[in-house]
Structures are given as structure tokens and as C-alpha cells.
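Scroll down for the structure; my scribbles are underneath it.
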Amino acid sequence: MCSLSYIPKKGAYILSHNRDELPRRESSSKLVRKELEGRELVYPKDLSAGGTWIGADSNGLSACILNGGSLSYLRNTPYRASRGTVIPALLELGSIEKFKGQWSSEGIEPFTLIICEGLELWQLIHNPKEDIWQALDAQKAHFWSSTKLYHPQIRANRATRFNHWLEQNKNPSAQELRNFHLSTQINELEGGLVLPQGFPLKTMNFCQIEKSVDKYQINYHYLDKGLRDRHIW
């Protein structure tokens with residue numbers, strides 16, 4: 001749960017995400033689809049823990065989670081639940097308002113959660129002893145990297161590369177964002193997002209949620225196995 005970009009569009013957005021994980025930690029070959037109270041919940045599934053790192057519902061609620069909050073910490077196991085349970089819980093509740101009022105982060109390892117609902121963009125940073133909710137500017141581009149997995153300089157290099165790229169690509173398409181996220185021509189020290197050989201982790205999945213006036217879809221690519229799936233509402 002590692003690198004995420006948000007690009008605003010006219011009344012819409014594109015979320016693009018690289019998932020870096022241990023190769024032995026497999027995920028579903030297809031998107032999971034669930035019906036709940038007239039809504040459809042869609043997300044890829046982590047087969048080890050049973051949760052997910054990105055997902056959306058048919059009402060326009062979508063979210064992505066990254067490992068680590070805003071503070072460094074030592075793991076305090078066992079945890080009550082996996083971070084992968086956070087997004088399914090949000091989607092099942094169906095709104096940020098209900099999630100804030102009915103869900104508890106107690107006993108879950110620190111994370112950063114990005115939520116899109118309607119025209120709103122929210123960030124929840126869960127640290128060991130506090131939760132920080134922040135409404136973000138949904139009309140500006142944003143970029144995140146996992147604070148748990150990457151050195152601050154690596155994160156800064158990625159953000160700098162993203163900002164420089166946006167200067168040359170003022171209104172990127174979903175395909176152009178995919179190319180940016182999956183480029184192997186730039187190494188991690190220069191802001192590359194795809195992990196090179198020799199790392200214990202590997203860039204296993206790429207997911208993208210694209211919402212516009214006439215299109216709403218989630219695309220899933222299991223890079224390590226060459227599998228793809230898409231759901232369109």
C-alpha cells in the first residue's frame with residue numbers, strides 16, 4: 001500500500017495507486033463484487049489477510065489506504081484487525097459521516113486513508129495515539145507515499161518528480177497517469193515508483209479509479225501475474 005496520486009478533473013478525479021508488497025502475499029485474480037443494501041462494493045482482495053488497499057462503491061464513494069501515519073512508531077502486536085479491513089468497513093457503512101461516527105481505529109496499525117465522496121476529498125491519518133481528519137482541496141493534485149515503507153528522501157524525490165511531471169502534463173489522462181506510475185526508466189532515487197529487482201518488496205499491483213461526468217470505473221492490474229479486471233458503473 002505504497003504510492004498514490006490524485007488528479008482533479010471537472011467535477012471528477014482520477015486515483016492511481018501502486019501496491020508494493022512481498023511477492024508471496026498474493027491478491028485476487030479479479031475484483032471482488034458485493035451487493036449491499038442496493039449498492040455495489042468493488043475492490044481487489046488481499047488473499048493473505050482478506051482485506052483490501054483500494055475500493056469503491058456504486059454511489060461514488062472511493063478510498064485508498066497507505067501504511068503508516070505521520071509519526072514513526074514501533075509495531076505493537078497483536079493488532080485488533082488488519083489495515084486491510086478499513087476500506088471494506090468504510091464501503092459497508094456507505095459514507096464518511098457514518099464512518100466517522102460508527103467506526104473505531106483502536107487496535108489497528110497506523111495508516112493514512114484517502115477518501116473521495118461526491119466533490120469532497122478527505123484524509124485520515126491514524127497515529128498510535130490519535131486520529132487526524134483533514135479536508136483536502138479536491139481541486140488540486142496530491143501525491144502520497146507510504147511513510148512506513150520509505151525513507152523521507154525517497155518520498156520527497158517521488159513528490160518532486162510528480163510535481164515536475166505535472167508541470168509538463170497539465171491535464172493528464174488515465175493512461176498517461178498509468179505510464180507515470182509504472183515507468184521503469186527512472187530509479188527510486190530519482191523518484192521512480194516501480195521497485196527494482198533486489199528489493200524484498202515488489203510492485204505487485206496497479207489500480208486506478210476514474211470518475212467523471214459520464215464515466216465511473218475501477219481498473220485492476222495484477223502486475224506480477226499479468227492479470228487485469230475492470231468494473232464500470
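FYI, nothing fancy with the C-alpha cells labels: chains A, B, ... in order, residues from 1 per chain, ligands from 1 as they appear.
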
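Residue neighbourhood of range 185-196 of chain A, excluding near-sequence residues (fewer than 4 positions): A:Ser3, A:Asn18, A:Asp20, A:Ile154, A:Arg155, A:Ala156, A:Asn157, A:Arg158, A:Ala159, A:Thr160, A:Arg161, A:Phe162, A:His181, A:Leu201, A:Lys202, A:Thr203, at 8 Å, using only C-alpha atoms.
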
Write the residues of the preceding selection, restricted to C-alpha atoms, as an mmCIF file, in the first residue's frame.
```cif
data_model
loop_
_atom_site.group_PDB
_atom_site.id
_atom_site.type_symbol
_atom_site.label_atom_id
_atom_site.label_comp_id
_atom_site.auth_asym_id
_atom_site.auth_seq_id
_atom_site.Cartn_x
_atom_site.Cartn_y
_atom_site.Cartn_z
ATOM 1 C CA SER A 3 2.201 5.242 -3.755
ATOM 2 C CA ASN A 18 0.953 1.270 -6.904
ATOM 3 C CA ASP A 20 4.344 -2.733 -3.195
ATOM 4 C CA ILE A 154 12.673 8.722 -1.243
ATOM 5 C CA ARG A 155 9.216 10.149 -0.553
ATOM 6 C CA ALA A 156 10.447 13.678 -1.266
ATOM 7 C CA ASN A 157 12.049 12.569 -4.554
ATOM 8 C CA ARG A 158 8.795 10.940 -5.647
ATOM 9 C CA ALA A 159 6.741 14.031 -4.805
ATOM 10 C CA THR A 160 9.220 16.300 -6.627
ATOM 11 C CA ARG A 161 9.135 14.115 -9.723
ATOM 12 C CA PHE A 162 5.325 14.073 -9.632
ATOM 13 C CA HIS A 181 3.197 5.263 -12.155
ATOM 14 C CA LEU A 201 9.203 -5.905 -1.815
ATOM 15 C CA LYS A 202 7.894 -5.829 -5.353
ATOM 16 C CA THR A 203 5.410 -3.607 -7.180
#
```

Non-local contacts of Arg39 in chain A (10 Å; only C-alpha atoms; under 6 positions in same chain excluded) as a count of residues only:
6

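Comparing A:Ser28, A:Arg228, A:Glu109, A:Ala141 by their smallest distance to Glu167 in chain A, the closest is A:Ala141 (using only C-alpha atoms).
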
Near-Ala49 in chain A list (10 Å; only C-alpha atoms; drop same-chain fewer than 4 positions) as an MDAnalysis selection string
chainID A and resid 25:27 45 81:85

I'd like the contact shell of Ser105 in chain A - 8 Å cut-off, only C-alpha atoms, skipping same-chain residues fewer than 2 positions apart - returned as a list in words.
Trp103, Gly107, Ile108, His126 and Asp131 of chain A

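For the set A:Pro110, A:Gly118, A:Pro172, A:Pro200, the residue with the smallest atom-to-atom gap to Leu74 in chain A is A:Pro110, counting only C-alpha atoms.
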
As a ChimeraX atom specification, please: every residue in range 50-144 of chain A that a backbone DSSP assignment puts in helix (DSSP H, G or I).
/A:83-93,96-102

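Considering only C-alpha atoms, the residue among A:Ile7, A:Leu66, A:Leu124, A:Leu31 positioned nearest to Asp229 in chain A is A:Leu31.
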
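The smallest atom-to-atom distance between Lys10 in chain A and any of A:Ala138, A:Ile114, A:Ile125, A:His231, using only C-alpha atoms, is found for A:Ala138.
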